[in-house]
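As structure tokens, the structure follows; a few thoughts come after it.
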Amino acid sequence: MRHAASTDTLLGRELAKRHVTVHGKDGATYLLRPIAASDAASLIRGYDAMSDDSKWYRMLNTVPHLSVAAAQKFCSPDPERELCVVVEGRGELQGEILGGARIAGEADDRTAEFSVSLRPEAQGLGLAHRALEMALEEAREMGYEAVWGLIARSNEPMLRLARRIGFKTSTCPDDIALVRAEIRLMQQKR
């Protein structure tokens, strides 16, 4: 199993050069890039803008506010095992993080866990879909075989997104209020 820092892959190099753009359903162009240590304050503001339900869906726990230490940790992923693709804001939110997708490698070096979050202003634009697809592509290039995540059964938008992308879902054996979503990456090579 070969894992590499995200800048060691083609997509990682493009992301690092800030050349990856996507179009939202609003017709606007958005920049996707790797998260940076300097994004901690924006991450806190974005988290604070989320509804209580969205915060719970993201953390699967009650976390009313991200601490500076937690934000700094999220903004400094281990380049050998983790990646986080963020979507930059436009207009009034220029320079702010609208949301993104994170992949965190497991100890087995074959699987990784995913998570996705968005500020309310960015929901419904297709940006979570694009960020998660990009994170999965990067995870594939890093050599991960499968990516999984836990989704609250009541989080219907995230369940729809996961299924549209190709995740297989099943009830979490440890908690029936959660759904386990998993996608095999090696079978998706083009």
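Ordering of the structure tokens sets the chain letters (A, B, ...); residue numbers start at 1 within each chain; ligands are numbered from 1 in the order shown.
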Practice task
Find the residues around Glu121 in chain A up to 10 Å (only C-alpha atoms counted), leave out those fewer than 4 positions away in its own chain, and share them as JSON, numbers by chain.
Solution key: {"A": [46, 49, 50, 89, 93, 98, 99, 125]}
Selection to disk with C-alpha atoms, as a PDB file, in the first residue's frame:
ATOM      1  CA  GLY A  46     -18.279  28.368   9.022  1.00  0.00           C
ATOM      2  CA  ALA A  49     -22.939  29.411  10.789  1.00  0.00           C
ATOM      3  CA  MET A  50     -24.234  25.826  10.615  1.00  0.00           C
ATOM      4  CA  GLY A  89     -16.542  31.338  -1.012  1.00  0.00           C
ATOM      5  CA  LEU A  93     -18.025  35.117   1.568  1.00  0.00           C
ATOM      6  CA  LEU A  98     -17.954  27.242   2.393  1.00  0.00           C
ATOM      7  CA  GLY A  99     -17.354  23.608   3.310  1.00  0.00           C
ATOM      8  CA  LEU A 125     -25.408  24.090  -5.136  1.00  0.00           C
TER       9      LEU A 125
END
Exercise for the section: Report the residues of chain A whose backbone DSSP state falls under strand (DSSP E), written as a PyMOL selection string. Expected result: chain A and resi 20-23+29-34+82-88+97-105+111-118+146-152+168-171+178-184
Please write the residues from the selection above to a file, keeping C-alpha atoms, as a short mmCIF file (atom, residue, chain, number, x, y, z; two decimals), in the first residue's frame.
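Written output follows (out.cif):
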data_model
loop_
_atom_site.label_atom_id
_atom_site.label_comp_id
_atom_site.auth_asym_id
_atom_site.auth_seq_id
_atom_site.Cartn_x
_atom_site.Cartn_y
_atom_site.Cartn_z
CA VAL A 20 -9.28 23.17 -9.63
CA THR A 21 -12.53 24.97 -10.27
CA VAL A 22 -16.07 23.63 -10.32
CA HIS A 23 -19.38 25.10 -11.31
CA THR A 29 -17.41 29.08 -10.51
CA TYR A 30 -15.92 27.94 -7.21
CA LEU A 31 -12.34 27.11 -6.29
CA LEU A 32 -11.53 23.79 -4.62
CA ARG A 33 -8.22 23.51 -2.81
CA PRO A 34 -6.53 21.69 0.06
CA GLU A 82 -5.46 12.45 5.40
CA LEU A 83 -6.73 15.07 3.04
CA CYS A 84 -9.35 17.77 3.12
CA VAL A 85 -10.67 19.53 0.04
CA VAL A 86 -12.39 22.84 0.76
CA VAL A 87 -14.60 25.08 -1.33
CA GLU A 88 -13.75 28.79 -1.26
CA ILE A 97 -14.49 28.28 3.52
CA LEU A 98 -17.95 27.24 2.39
CA GLY A 99 -17.35 23.61 3.31
CA GLY A 100 -15.59 20.58 1.98
CA ALA A 101 -14.86 16.87 2.20
CA ARG A 102 -12.32 15.11 4.41
CA ILE A 103 -10.70 11.68 4.13
CA ALA A 104 -8.88 10.19 7.14
CA GLY A 105 -6.89 6.98 6.68
CA THR A 111 -9.50 2.06 4.23
CA ALA A 112 -10.35 5.63 5.11
CA GLU A 113 -13.25 7.45 6.72
CA PHE A 114 -14.98 10.37 5.00
CA SER A 115 -16.95 13.38 6.20
CA VAL A 116 -18.60 16.30 4.45
CA SER A 117 -19.90 19.64 5.69
CA LEU A 118 -21.20 22.88 4.19
CA ALA A 146 -12.35 1.69 0.27
CA VAL A 147 -13.81 4.74 1.99
CA TRP A 148 -16.56 4.60 4.59
CA GLY A 149 -18.48 6.90 6.88
CA LEU A 150 -21.33 6.95 9.37
CA ILE A 151 -24.38 9.04 8.49
CA ALA A 152 -27.32 9.79 10.75
CA LYS A 168 -23.49 1.20 -0.59
CA THR A 169 -25.43 1.76 2.63
CA SER A 170 -26.36 -0.53 5.51
CA THR A 171 -27.53 -0.13 9.08
CA LEU A 178 -26.74 5.48 11.98
CA VAL A 179 -26.17 4.24 8.46
CA ARG A 180 -22.77 2.98 7.33
CA ALA A 181 -21.90 4.11 3.81
CA GLU A 182 -18.99 2.47 1.99
CA ILE A 183 -17.53 2.70 -1.48
CA ARG A 184 -14.87 0.50 -3.04
#
Handout entry: Among the residues A:Glu156, A:Asp175, A:Glu80, A:Asp26, the one that comes closest to Tyr144 in chain A [using only C-alpha atoms]
Key =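 Result for the nearest residue to Tyr144 in chain A: A:Glu80.
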Exercise for the section: Show which residues sit within 7 Å of Ala37 in chain A, as a ChimeraX atom specification. Count only C-alpha atoms, and ignore same-chain residues fewer than 4 positions away. Expected result: /A:72,75-76
Practice task
Can you work out the spacing between CA of Met186 in chain A and CA of Arg140 in chain A in Å, to one decimal?
Solution key: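 Going from CA of Met186 in chain A over to CA of Arg140 in chain A covers 7.0 Å.
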